[in-house]
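Source file: run.pdb; contents: PDB, C-alpha atoms and all ligand atoms.
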ATOM      1  CA  MET A  27     -55.772  36.305 -90.769  1.00  0.00           C
ATOM      2  CA  GLN A  28     -58.351  38.028 -92.920  1.00  0.00           C
ATOM      3  CA  ILE A  29     -61.883  36.803 -93.579  1.00  0.00           C
ATOM      4  CA  ALA A  30     -63.775  38.849 -96.174  1.00  0.00           C
ATOM      5  CA  ILE A  31     -67.568  38.652 -96.370  1.00  0.00           C
ATOM      6  CA  ASP A  32     -69.312  40.517 -99.158  1.00  0.00           C
ATOM      7  CA  GLY A  33     -72.881  40.509-100.386  1.00  0.00           C
ATOM      8  CA  PRO A  34     -76.042  42.557-100.817  1.00  0.00           C
ATOM      9  CA  ALA A  35     -78.084  44.199 -98.055  1.00  0.00           C
ATOM     10  CA  GLY A  36     -79.922  41.741 -95.834  1.00  0.00           C
ATOM     11  CA  ALA A  37     -77.952  38.629 -96.853  1.00  0.00           C
ATOM     12  CA  GLY A  38     -77.005  38.137 -93.196  1.00  0.00           C
ATOM     13  CA  LYS A  39     -73.423  39.426 -93.419  1.00  0.00           C
ATOM     14  CA  SER A  40     -73.286  41.213 -90.083  1.00  0.00           C
ATOM     15  CA  THR A  41     -75.019  38.432 -88.107  1.00  0.00           C
ATOM     16  CA  ILE A  42     -72.681  35.824 -89.564  1.00  0.00           C
ATOM     17  CA  ALA A  43     -69.551  37.977 -89.325  1.00  0.00           C
ATOM     18  CA  LYS A  44     -70.252  38.784 -85.646  1.00  0.00           C
ATOM     19  CA  ARG A  45     -70.710  35.098 -84.841  1.00  0.00           C
ATOM     20  CA  LEU A  46     -67.492  34.166 -86.639  1.00  0.00           C
ATOM     21  CA  ALA A  47     -65.584  36.947 -84.897  1.00  0.00           C
ATOM     22  CA  LYS A  48     -66.779  35.682 -81.528  1.00  0.00           C
ATOM     23  CA  GLU A  49     -65.757  32.108 -82.347  1.00  0.00           C
ATOM     24  CA  THR A  50     -62.348  32.985 -83.746  1.00  0.00           C
ATOM     25  CA  GLY A  51     -61.500  35.918 -81.464  1.00  0.00           C
ATOM     26  CA  TYR A  52     -60.854  38.090 -84.519  1.00  0.00           C
ATOM     27  CA  ILE A  53     -62.108  41.670 -84.699  1.00  0.00           C
ATOM     28  CA  TYR A  54     -65.385  42.263 -86.533  1.00  0.00           C
ATOM     29  CA  VAL A  55     -65.121  45.216 -88.899  1.00  0.00           C
ATOM     30  CA  ASP A  56     -68.486  46.459 -90.199  1.00  0.00           C
ATOM     31  CA  THR A  57     -67.493  48.661 -93.147  1.00  0.00           C
ATOM     32  CA  GLY A  58     -71.102  49.570 -93.980  1.00  0.00           C
ATOM     33  CA  ALA A  59     -71.263  51.415 -90.652  1.00  0.00           C
ATOM     34  CA  MET A  60     -68.460  53.702 -91.849  1.00  0.00           C
ATOM     35  CA  TYR A  61     -70.348  54.570 -95.063  1.00  0.00           C
ATOM     36  CA  ARG A  62     -73.394  55.132 -92.895  1.00  0.00           C
ATOM     37  CA  ALA A  63     -71.514  57.533 -90.588  1.00  0.00           C
ATOM     38  CA  MET A  64     -70.379  59.467 -93.662  1.00  0.00           C
ATOM     39  CA  ALA A  65     -73.992  59.518 -94.896  1.00  0.00           C
ATOM     40  CA  LEU A  66     -75.166  60.864 -91.535  1.00  0.00           C
ATOM     41  CA  TYR A  67     -72.626  63.683 -91.800  1.00  0.00           C
ATOM     42  CA  LEU A  68     -73.926  64.545 -95.293  1.00  0.00           C
ATOM     43  CA  ILE A  69     -77.575  64.524 -94.170  1.00  0.00           C
ATOM     44  CA  ARG A  70     -76.820  66.688 -91.142  1.00  0.00           C
ATOM     45  CA  ASN A  71     -74.980  69.203 -93.288  1.00  0.00           C
ATOM     46  CA  GLY A  72     -77.543  69.256 -96.093  1.00  0.00           C
ATOM     47  CA  ILE A  73     -75.068  67.903 -98.651  1.00  0.00           C
ATOM     48  CA  LYS A  74     -76.705  66.015-101.511  1.00  0.00           C
ATOM     49  CA  ALA A  75     -75.285  62.724-102.851  1.00  0.00           C
ATOM     50  CA  ASP A  76     -74.628  64.286-106.255  1.00  0.00           C
ATOM     51  CA  ASP A  77     -72.810  67.352-104.853  1.00  0.00           C
ATOM     52  CA  SER A  78     -69.256  66.173-105.493  1.00  0.00           C
ATOM     53  CA  GLU A  79     -67.675  69.423-104.273  1.00  0.00           C
ATOM     54  CA  GLY A  80     -69.648  69.261-101.024  1.00  0.00           C
ATOM     55  CA  ILE A  81     -68.707  65.604-100.568  1.00  0.00           C
ATOM     56  CA  GLU A  82     -65.042  66.371-101.186  1.00  0.00           C
ATOM     57  CA  LYS A  83     -65.129  68.951 -98.368  1.00  0.00           C
ATOM     58  CA  ALA A  84     -67.073  66.538 -96.176  1.00  0.00           C
ATOM     59  CA  CYS A  85     -64.319  63.937 -96.620  1.00  0.00           C
ATOM     60  CA  VAL A  86     -61.901  66.413 -95.079  1.00  0.00           C
ATOM     61  CA  ASN A  87     -64.213  67.618 -92.299  1.00  0.00           C
ATOM     62  CA  ALA A  88     -65.830  64.342 -91.258  1.00  0.00           C
ATOM     63  CA  ASP A  89     -63.444  62.517 -88.983  1.00  0.00           C
ATOM     64  CA  ILE A  90     -64.538  58.886 -88.859  1.00  0.00           C
ATOM     65  CA  SER A  91     -62.887  56.305 -86.662  1.00  0.00           C
ATOM     66  CA  ILE A  92     -63.872  53.162 -84.837  1.00  0.00           C
ATOM     67  CA  ARG A  93     -63.204  51.698 -81.454  1.00  0.00           C
ATOM     68  CA  TYR A  94     -64.337  48.582 -79.640  1.00  0.00           C
ATOM     69  CA  GLU A  95     -66.323  48.360 -76.420  1.00  0.00           C
ATOM     70  CA  ASN A  96     -66.995  44.851 -75.073  1.00  0.00           C
ATOM     71  CA  GLY A  97     -66.315  43.461 -78.534  1.00  0.00           C
ATOM     72  CA  GLU A  98     -68.826  45.811 -80.155  1.00  0.00           C
ATOM     73  CA  GLN A  99     -67.711  48.169 -82.920  1.00  0.00           C
ATOM     74  CA  ILE A 100     -68.439  51.813 -82.107  1.00  0.00           C
ATOM     75  CA  VAL A 101     -68.344  54.322 -84.957  1.00  0.00           C
ATOM     76  CA  ILE A 102     -67.153  57.764 -83.986  1.00  0.00           C
ATOM     77  CA  LEU A 103     -68.046  60.776 -86.126  1.00  0.00           C
ATOM     78  CA  ASN A 104     -66.161  63.902 -85.083  1.00  0.00           C
ATOM     79  CA  GLY A 105     -65.926  62.656 -81.517  1.00  0.00           C
ATOM     80  CA  GLU A 106     -69.550  61.472 -81.253  1.00  0.00           C
ATOM     81  CA  ASN A 107     -70.675  57.850 -80.925  1.00  0.00           C
ATOM     82  CA  VAL A 108     -73.194  57.567 -83.776  1.00  0.00           C
ATOM     83  CA  ASN A 109     -74.016  53.846 -83.520  1.00  0.00           C
ATOM     84  CA  GLY A 110     -77.600  54.571 -82.524  1.00  0.00           C
ATOM     85  CA  LEU A 111     -78.219  56.977 -85.403  1.00  0.00           C
ATOM     86  CA  ILE A 112     -77.037  55.167 -88.522  1.00  0.00           C
ATOM     87  CA  ARG A 113     -79.595  52.360 -88.988  1.00  0.00           C
ATOM     88  CA  THR A 114     -82.522  54.391 -90.326  1.00  0.00           C
ATOM     89  CA  GLN A 115     -83.843  54.004 -93.874  1.00  0.00           C
ATOM     90  CA  GLU A 116     -82.830  57.615 -94.586  1.00  0.00           C
ATOM     91  CA  VAL A 117     -79.217  56.868 -93.690  1.00  0.00           C
ATOM     92  CA  SER A 118     -79.302  53.520 -95.601  1.00  0.00           C
ATOM     93  CA  ASN A 119     -80.428  55.261 -98.749  1.00  0.00           C
ATOM     94  CA  MET A 120     -77.914  58.114 -98.391  1.00  0.00           C
ATOM     95  CA  ALA A 121     -75.078  55.621 -97.723  1.00  0.00           C
ATOM     96  CA  SER A 122     -75.945  53.735-100.887  1.00  0.00           C
ATOM     97  CA  ALA A 123     -76.217  56.968-102.897  1.00  0.00           C
ATOM     98  CA  SER A 124     -72.988  58.570-101.594  1.00  0.00           C
ATOM     99  CA  SER A 125     -70.738  55.495-101.366  1.00  0.00           C
ATOM    100  CA  PRO A 126     -69.986  55.421-105.128  1.00  0.00           C
ATOM    101  CA  ASN A 127     -68.105  58.710-104.692  1.00  0.00           C
ATOM    102  CA  PRO A 128     -64.376  57.924-105.235  1.00  0.00           C
ATOM    103  CA  LYS A 129     -63.262  60.350-102.464  1.00  0.00           C
ATOM    104  CA  VAL A 130     -65.547  58.672 -99.935  1.00  0.00           C
ATOM    105  CA  ARG A 131     -64.276  55.235-100.944  1.00  0.00           C
ATOM    106  CA  LYS A 132     -60.634  56.265-100.817  1.00  0.00           C
ATOM    107  CA  LYS A 133     -61.025  57.671 -97.320  1.00  0.00           C
ATOM    108  CA  LEU A 134     -62.897  54.676 -95.893  1.00  0.00           C
ATOM    109  CA  VAL A 135     -60.985  51.916 -97.709  1.00  0.00           C
ATOM    110  CA  SER A 136     -57.762  53.317 -96.298  1.00  0.00           C
ATOM    111  CA  LEU A 137     -59.228  53.247 -92.765  1.00  0.00           C
ATOM    112  CA  GLN A 138     -60.344  49.636 -93.296  1.00  0.00           C
ATOM    113  CA  GLN A 139     -56.967  48.512 -94.625  1.00  0.00           C
ATOM    114  CA  LYS A 140     -55.185  50.122 -91.662  1.00  0.00           C
ATOM    115  CA  LEU A 141     -57.430  48.216 -89.252  1.00  0.00           C
ATOM    116  CA  ALA A 142     -56.646  44.924 -90.983  1.00  0.00           C
ATOM    117  CA  GLU A 143     -52.923  45.606 -90.671  1.00  0.00           C
ATOM    118  CA  THR A 144     -53.131  45.724 -86.902  1.00  0.00           C
ATOM    119  CA  ALA A 145     -55.344  42.700 -86.137  1.00  0.00           C
ATOM    120  CA  ASP A 146     -56.946  39.508 -87.427  1.00  0.00           C
ATOM    121  CA  VAL A 147     -60.273  40.539 -88.900  1.00  0.00           C
ATOM    122  CA  VAL A 148     -63.640  39.353 -90.084  1.00  0.00           C
ATOM    123  CA  MET A 149     -64.645  42.227 -92.338  1.00  0.00           C
ATOM    124  CA  ASP A 150     -67.952  42.615 -94.144  1.00  0.00           C
ATOM    125  CA  GLY A 151     -69.046  44.966 -96.910  1.00  0.00           C
ATOM    126  CA  ARG A 152     -69.407  45.087-100.687  1.00  0.00           C
ATOM    127  CA  ASP A 153     -65.820  45.286-101.964  1.00  0.00           C
ATOM    128  CA  ILE A 154     -63.775  43.576 -99.256  1.00  0.00           C
ATOM    129  CA  GLY A 155     -62.688  40.556-101.315  1.00  0.00           C
ATOM    130  CA  THR A 156     -62.174  42.595-104.476  1.00  0.00           C
ATOM    131  CA  LYS A 157     -60.665  45.910-103.304  1.00  0.00           C
ATOM    132  CA  VAL A 158     -60.066  46.283 -99.586  1.00  0.00           C
ATOM    133  CA  LEU A 159     -58.427  42.925 -98.823  1.00  0.00           C
ATOM    134  CA  PRO A 160     -57.780  41.262-102.185  1.00  0.00           C
ATOM    135  CA  GLY A 161     -55.349  38.879-100.506  1.00  0.00           C
ATOM    136  CA  ALA A 162     -57.817  37.758 -97.789  1.00  0.00           C
ATOM    137  CA  ASP A 163     -57.345  34.180 -96.553  1.00  0.00           C
ATOM    138  CA  VAL A 164     -61.040  33.331 -96.893  1.00  0.00           C
ATOM    139  CA  LYS A 165     -63.547  35.108 -99.138  1.00  0.00           C
ATOM    140  CA  ILE A 166     -67.273  34.552 -98.907  1.00  0.00           C
ATOM    141  CA  PHE A 167     -69.982  36.005-101.117  1.00  0.00           C
ATOM    142  CA  LEU A 168     -73.157  35.785 -99.067  1.00  0.00           C
ATOM    143  CA  THR A 169     -76.477  36.231-100.780  1.00  0.00           C
ATOM    144  CA  ALA A 170     -80.203  35.419-100.567  1.00  0.00           C
ATOM    145  CA  SER A 171     -83.294  36.160-102.656  1.00  0.00           C
ATOM    146  CA  THR A 172     -84.666  39.726-102.562  1.00  0.00           C
ATOM    147  CA  ALA A 173     -87.894  38.524-100.892  1.00  0.00           C
ATOM    148  CA  VAL A 174     -86.021  36.699 -98.113  1.00  0.00           C
ATOM    149  CA  ARG A 175     -83.703  39.666 -97.499  1.00  0.00           C
ATOM    150  CA  ALA A 176     -86.629  42.103 -97.341  1.00  0.00           C
ATOM    151  CA  LYS A 177     -88.473  39.890 -94.839  1.00  0.00           C
ATOM    152  CA  ARG A 178     -85.354  39.700 -92.622  1.00  0.00           C
ATOM    153  CA  ARG A 179     -84.985  43.497 -92.641  1.00  0.00           C
ATOM    154  CA  TYR A 180     -88.706  43.875 -91.917  1.00  0.00           C
ATOM    155  CA  ASP A 181     -88.512  41.494 -88.918  1.00  0.00           C
ATOM    156  CA  GLU A 182     -85.410  43.310 -87.634  1.00  0.00           C
ATOM    157  CA  LEU A 183     -87.101  46.737 -87.772  1.00  0.00           C
ATOM    158  CA  LYS A 184     -90.350  45.394 -86.267  1.00  0.00           C
ATOM    159  CA  GLU A 185     -88.404  43.918 -83.388  1.00  0.00           C
ATOM    160  CA  LYS A 186     -86.930  47.345 -82.722  1.00  0.00           C
ATOM    161  CA  GLY A 187     -90.479  48.718 -82.697  1.00  0.00           C
ATOM    162  CA  GLU A 188     -90.009  50.737 -85.901  1.00  0.00           C
ATOM    163  CA  GLU A 189     -92.948  51.367 -88.221  1.00  0.00           C
ATOM    164  CA  CYS A 190     -92.270  49.708 -91.591  1.00  0.00           C
ATOM    165  CA  ASP A 191     -93.880  48.235 -94.645  1.00  0.00           C
ATOM    166  CA  LEU A 192     -92.630  45.011 -96.269  1.00  0.00           C
ATOM    167  CA  GLU A 193     -93.384  46.091 -99.827  1.00  0.00           C
ATOM    168  CA  THR A 194     -91.498  49.392 -99.418  1.00  0.00           C
ATOM    169  CA  ILE A 195     -88.515  47.612 -97.880  1.00  0.00           C
ATOM    170  CA  GLU A 196     -88.384  45.104-100.752  1.00  0.00           C
ATOM    171  CA  LYS A 197     -88.534  47.930-103.283  1.00  0.00           C
ATOM    172  CA  GLU A 198     -85.744  49.849-101.493  1.00  0.00           C
ATOM    173  CA  ILE A 199     -83.572  46.726-101.248  1.00  0.00           C
ATOM    174  CA  ALA A 200     -83.971  46.118-104.985  1.00  0.00           C
ATOM    175  CA  GLU A 201     -83.049  49.754-105.680  1.00  0.00           C
ATOM    176  CA  ARG A 202     -80.010  49.559-103.387  1.00  0.00           C
ATOM    177  CA  ASP A 203     -78.843  46.318-105.075  1.00  0.00           C
ATOM    178  CA  GLU A 204     -79.212  47.975-108.448  1.00  0.00           C
ATOM    179  CA  ARG A 205     -77.091  50.965-107.341  1.00  0.00           C
ATOM    180  CA  ASP A 206     -74.509  48.914-105.432  1.00  0.00           C
ATOM    181  CA  MET A 207     -74.021  46.462-108.325  1.00  0.00           C
ATOM    182  CA  ASN A 208     -73.992  48.915-111.194  1.00  0.00           C
ATOM    183  CA  ARG A 209     -71.840  51.763-109.901  1.00  0.00           C
ATOM    184  CA  ALA A 210     -68.581  52.463-111.704  1.00  0.00           C
ATOM    185  CA  GLU A 211     -66.452  52.546-108.547  1.00  0.00           C
ATOM    186  CA  SER A 212     -65.991  49.203-106.695  1.00  0.00           C
ATOM    187  CA  PRO A 213     -69.370  47.678-107.579  1.00  0.00           C
ATOM    188  CA  LEU A 214     -70.777  44.836-105.526  1.00  0.00           C
ATOM    189  CA  VAL A 215     -69.409  41.840-107.382  1.00  0.00           C
ATOM    190  CA  ARG A 216     -68.302  38.391-106.320  1.00  0.00           C
ATOM    191  CA  ALA A 217     -64.508  38.085-106.303  1.00  0.00           C
ATOM    192  CA  GLU A 218     -63.352  35.279-108.590  1.00  0.00           C
ATOM    193  CA  ASP A 219     -61.972  33.351-105.639  1.00  0.00           C
ATOM    194  CA  ALA A 220     -64.927  33.984-103.301  1.00  0.00           C
ATOM    195  CA  VAL A 221     -67.153  31.067-102.285  1.00  0.00           C
ATOM    196  CA  LEU A 222     -70.830  31.732-102.985  1.00  0.00           C
ATOM    197  CA  VAL A 223     -73.154  30.947-100.079  1.00  0.00           C
ATOM    198  CA  ASP A 224     -76.899  31.402-100.750  1.00  0.00           C
ATOM    199  CA  THR A 225     -78.585  31.747 -97.359  1.00  0.00           C
ATOM    200  CA  SER A 226     -82.211  31.878 -98.628  1.00  0.00           C
ATOM    201  CA  ASP A 227     -83.006  28.445 -97.182  1.00  0.00           C
ATOM    202  CA  MET A 228     -80.343  28.261 -94.472  1.00  0.00           C
ATOM    203  CA  ASP A 229     -80.507  29.263 -90.826  1.00  0.00           C
ATOM    204  CA  ILE A 230     -77.674  31.065 -89.043  1.00  0.00           C
ATOM    205  CA  ASP A 231     -76.128  27.893 -87.612  1.00  0.00           C
ATOM    206  CA  GLU A 232     -76.024  26.259 -91.033  1.00  0.00           C
ATOM    207  CA  VAL A 233     -74.330  29.285 -92.603  1.00  0.00           C
ATOM    208  CA  VAL A 234     -71.777  29.587 -89.803  1.00  0.00           C
ATOM    209  CA  GLY A 235     -71.083  25.842 -90.074  1.00  0.00           C
ATOM    210  CA  ARG A 236     -70.493  26.117 -93.810  1.00  0.00           C
ATOM    211  CA  ILE A 237     -68.079  29.035 -93.397  1.00  0.00           C
ATOM    212  CA  ARG A 238     -66.313  27.346 -90.497  1.00  0.00           C
ATOM    213  CA  GLU A 239     -65.555  24.462 -92.864  1.00  0.00           C
ATOM    214  CA  LEU A 240     -64.032  26.915 -95.327  1.00  0.00           C
ATOM    215  CA  ILE A 241     -61.884  28.611 -92.665  1.00  0.00           C
ATOM    216  CA  TRP A 242     -60.470  25.467 -91.116  1.00  0.00           C
ATOM    217  CA  LYS A 243     -60.225  23.297 -94.201  1.00  0.00           C
TER
HETATM  218  O1  LIG B 301     -73.853  46.966 -95.311  1.00  0.00           O
HETATM  219  P1  LIG B 301     -74.708  48.226 -95.107  1.00  0.00           P
HETATM  220  O2  LIG B 301     -76.145  48.031 -95.493  1.00  0.00           O
HETATM  221  O3  LIG B 301     -74.569  48.777 -93.733  1.00  0.00           O
HETATM  222  O4  LIG B 301     -74.089  49.309 -96.125  1.00  0.00           O
HETATM  223  C1  LIG B 301     -74.661  50.576 -96.351  1.00  0.00           C
HETATM  224  C2  LIG B 301     -74.274  51.093 -97.739  1.00  0.00           C
HETATM  225  O5  LIG B 301     -72.862  51.370 -97.750  1.00  0.00           O
HETATM  226  C3  LIG B 301     -74.503  50.121 -98.898  1.00  0.00           C
HETATM  227  O6  LIG B 301     -75.706  50.386 -99.583  1.00  0.00           O
HETATM  228  C4  LIG B 301     -73.337  50.323 -99.812  1.00  0.00           C
HETATM  229  C5  LIG B 301     -72.293  50.990 -98.986  1.00  0.00           C
HETATM  230  N1  LIG B 301     -71.125  50.139 -98.732  1.00  0.00           N
HETATM  231  C6  LIG B 301     -70.140  50.132 -99.680  1.00  0.00           C
HETATM  232  O7  LIG B 301     -70.257  50.783-100.711  1.00  0.00           O
HETATM  233  N2  LIG B 301     -68.996  49.424 -99.461  1.00  0.00           N
HETATM  234  C7  LIG B 301     -68.844  48.689 -98.347  1.00  0.00           C
HETATM  235  N3  LIG B 301     -67.705  48.008 -98.166  1.00  0.00           N
HETATM  236  C8  LIG B 301     -69.871  48.665 -97.372  1.00  0.00           C
HETATM  237  C9  LIG B 301     -71.020  49.393 -97.600  1.00  0.00           C
END
Could I get this file's structure written as structure tokens?
Amino acid sequence: MQIAIDGPAGAGKSTIAKRLAKETGYIYVDTGAMYRAMALYLIRNGIKADDSEGIEKACVNADISIRYENGEQIVILNGENVNGLIRTQEVSNMASASSPNPKVRKKLVSLQQKLAETADVVMDGRDIGTKVLPGADVKIFLTASTAVRAKRRYDELKEKGEECDLETIEKEIAERDERDMNRAESPLVRAEDAVLVDTSDMDIDEVVGRIRELIWK
């Protein structure tokens, strides 16, 4: 069983996907975390997003894998658990800037497809319904207005005690959307057979309920 959830940053993909995984017993695969681990490797090694030669080498040298601990996905970069290091704005921006690279996508899409071969999955990302799992049983395109998504990100960071500014976050989200939707390689686009769910005026329970209907219909 494969459930694909795509959509822009801050639409609520990971919250919803985690809840669904818990309910169904399927594995939650957060593909954004893999692009983030790759971005962390690039930052640490001073490789710029437009340095295609550097990125090609990085794809060979950065060993990215995932494992599960108490149902939580742990991303391993060259043997190190990097879960606690990949949620910064710097990493977000680098992940968005480096993920259009075809070598990066090839490497990570293959890892994602292998995972889905071995287990039932709820997988979220940008190209799951279109590229990674085109034959997924259920495809959801989750979205919300830019203002609502920025406010959710802001609340999330505040709760973690991180300094942040709502206006900057909204601007960065708009820039990320622009890049994610307009890149040549696997742009963020709703698969023809994906169901659109706009979460701007919905709470988590309502969204989960709506998707549950789609899974069990
Ligand atoms: O979902 P996220 O915010 O953790 O993703 C970080 C970046 O990774 C996002 O800006 C685009 C990229 N990404 C992607 O290109 N394809 C995916 N399947 C998931 C994420």
Exercise. What do you get, as JSON, numbers by chain, if you spell out every residue that the PyMOL selection byres (((not hetatm)) within 9 of (chain B and resi 301)) selects here?
Worked result: {"A": [32, 33, 34, 35, 36, 39, 40, 56, 57, 58, 59, 60, 61, 62, 65, 112, 113, 117, 118, 119, 120, 121, 122, 123, 124, 125, 126, 131, 134, 135, 138, 149, 150, 151, 152, 153, 154, 157, 158, 199, 202, 203, 205, 206, 211, 212, 213, 214]}
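For the atom pair formed by CA of Leu66 in chain A and CA of Ile166 in chain A, the distance is 28.4 Å, given to one decimal.
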Exercise. In Å, with one decimal, what is the gap from CA of Arg179 in chain A to CA of Gln99 in chain A?
Worked result: 20.4 Å
I'd like the residues picked by the PyMOL selection byres (((chain A and resi 93) around 12) and not hetatm) written out as a compact mmCIF listing (two decimals) with C-alpha atoms, in the frame of the given file, using the chain letters and numbers from the file.
# COMPACT_ATOMS: atom_id res chain seq x y z
CA ILE A 53 -62.11 41.67 -84.70
CA TYR A 54 -65.39 42.26 -86.53
CA VAL A 55 -65.12 45.22 -88.90
CA ASP A 56 -68.49 46.46 -90.20
CA MET A 60 -68.46 53.70 -91.85
CA ILE A 90 -64.54 58.89 -88.86
CA SER A 91 -62.89 56.30 -86.66
CA ILE A 92 -63.87 53.16 -84.84
CA TYR A 94 -64.34 48.58 -79.64
CA GLU A 95 -66.32 48.36 -76.42
CA ASN A 96 -67.00 44.85 -75.07
CA GLY A 97 -66.32 43.46 -78.53
CA GLU A 98 -68.83 45.81 -80.16
CA GLN A 99 -67.71 48.17 -82.92
CA ILE A 100 -68.44 51.81 -82.11
CA VAL A 101 -68.34 54.32 -84.96
CA ILE A 102 -67.15 57.76 -83.99
CA LEU A 103 -68.05 60.78 -86.13
CA GLY A 105 -65.93 62.66 -81.52
CA GLU A 106 -69.55 61.47 -81.25
CA ASN A 107 -70.68 57.85 -80.92
CA VAL A 108 -73.19 57.57 -83.78
CA ASN A 109 -74.02 53.85 -83.52
CA LEU A 141 -57.43 48.22 -89.25
Listed atoms of range 45-54 of chain A, axis-aligned box, 4 Å per side: centre and edge lengths to one decimal in Å, as lines of an AutoDock Vina configuration file?
center_x = -65.8
center_y = 37.2
center_z = -84.1
size_x = 17.9
size_y = 18.2
size_z = 13.2
Taking (-77.2, 37.1, -92.9) as a centre in this file's frame and 8 Å as the limit, can you find every polymer residue with an atom that close, using only C-alpha atoms, and give them as a PDB file with C-alpha atoms, in the coordinates of the input?
ATOM      1  CA  GLY A  36     -79.922  41.741 -95.834  1.00  0.00           C
ATOM      2  CA  ALA A  37     -77.952  38.629 -96.853  1.00  0.00           C
ATOM      3  CA  GLY A  38     -77.005  38.137 -93.196  1.00  0.00           C
ATOM      4  CA  LYS A  39     -73.423  39.426 -93.419  1.00  0.00           C
ATOM      5  CA  SER A  40     -73.286  41.213 -90.083  1.00  0.00           C
ATOM      6  CA  THR A  41     -75.019  38.432 -88.107  1.00  0.00           C
ATOM      7  CA  ILE A  42     -72.681  35.824 -89.564  1.00  0.00           C
ATOM      8  CA  LEU A 168     -73.157  35.785 -99.067  1.00  0.00           C
ATOM      9  CA  THR A 169     -76.477  36.231-100.780  1.00  0.00           C
ATOM     10  CA  THR A 225     -78.585  31.747 -97.359  1.00  0.00           C
ATOM     11  CA  ILE A 230     -77.674  31.065 -89.043  1.00  0.00           C
TER      12      ILE A 230
END
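Note on the selection: in this file the PyMOL selection byres (((chain A and resi 74-86) around 9) and not hetatm) comes out as Met64, Ala65, Tyr67, Leu68, Ile69, Asn71, Gly72, Ile73, Asn87, Ala88, Asp89, Met120, Ala121, Ala123, Ser124, Ser125, Asn127, Lys129, Val130 and Lys133 of chain A.
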Produce a file of the selected residues containing C-alpha atoms, as a PDB file, in the frame of the given file.
ATOM      1  CA  MET A  64     -70.379  59.467 -93.662  1.00  0.00           C
ATOM      2  CA  ALA A  65     -73.992  59.518 -94.896  1.00  0.00           C
ATOM      3  CA  TYR A  67     -72.626  63.683 -91.800  1.00  0.00           C
ATOM      4  CA  LEU A  68     -73.926  64.545 -95.293  1.00  0.00           C
ATOM      5  CA  ILE A  69     -77.575  64.524 -94.170  1.00  0.00           C
ATOM      6  CA  ASN A  71     -74.980  69.203 -93.288  1.00  0.00           C
ATOM      7  CA  GLY A  72     -77.543  69.256 -96.093  1.00  0.00           C
ATOM      8  CA  ILE A  73     -75.068  67.903 -98.651  1.00  0.00           C
ATOM      9  CA  ASN A  87     -64.213  67.618 -92.299  1.00  0.00           C
ATOM     10  CA  ALA A  88     -65.830  64.342 -91.258  1.00  0.00           C
ATOM     11  CA  ASP A  89     -63.444  62.517 -88.983  1.00  0.00           C
ATOM     12  CA  MET A 120     -77.914  58.114 -98.391  1.00  0.00           C
ATOM     13  CA  ALA A 121     -75.078  55.621 -97.723  1.00  0.00           C
ATOM     14  CA  ALA A 123     -76.217  56.968-102.897  1.00  0.00           C
ATOM     15  CA  SER A 124     -72.988  58.570-101.594  1.00  0.00           C
ATOM     16  CA  SER A 125     -70.738  55.495-101.366  1.00  0.00           C
ATOM     17  CA  ASN A 127     -68.105  58.710-104.692  1.00  0.00           C
ATOM     18  CA  LYS A 129     -63.262  60.350-102.464  1.00  0.00           C
ATOM     19  CA  VAL A 130     -65.547  58.672 -99.935  1.00  0.00           C
ATOM     20  CA  LYS A 133     -61.025  57.671 -97.320  1.00  0.00           C
TER      21      LYS A 133
END
Problem set entry | range 144-147 of chain A environment, 10 Å, all atoms listed in the file, sequence neighbours closer than 6 positions dropped, as a PyMOL selection string | chain A and resi 27-30+43+46-47+50-55+162
Residue subset to file, keeping C-alpha atoms, as a PDB file, in the coordinates of the input:
ATOM      1  CA  MET A  27     -55.772  36.305 -90.769  1.00  0.00           C
ATOM      2  CA  GLN A  28     -58.351  38.028 -92.920  1.00  0.00           C
ATOM      3  CA  ILE A  29     -61.883  36.803 -93.579  1.00  0.00           C
ATOM      4  CA  ALA A  30     -63.775  38.849 -96.174  1.00  0.00           C
ATOM      5  CA  ALA A  43     -69.551  37.977 -89.325  1.00  0.00           C
ATOM      6  CA  LEU A  46     -67.492  34.166 -86.639  1.00  0.00           C
ATOM      7  CA  ALA A  47     -65.584  36.947 -84.897  1.00  0.00           C
ATOM      8  CA  THR A  50     -62.348  32.985 -83.746  1.00  0.00           C
ATOM      9  CA  GLY A  51     -61.500  35.918 -81.464  1.00  0.00           C
ATOM     10  CA  TYR A  52     -60.854  38.090 -84.519  1.00  0.00           C
ATOM     11  CA  ILE A  53     -62.108  41.670 -84.699  1.00  0.00           C
ATOM     12  CA  TYR A  54     -65.385  42.263 -86.533  1.00  0.00           C
ATOM     13  CA  VAL A  55     -65.121  45.216 -88.899  1.00  0.00           C
ATOM     14  CA  ALA A 162     -57.817  37.758 -97.789  1.00  0.00           C
TER      15      ALA A 162
END
For this session: Could you tell me which of A:Leu137, A:Val221, A:Leu192, A:Val164 comes closest to Lys177 in chain A if we count only C-alpha atoms?
Result: A:Leu192
Exercise. Distance CA of Ser226 in chain A-CA of Arg175 in chain A, one decimal place?
Worked result: 8.0 Å
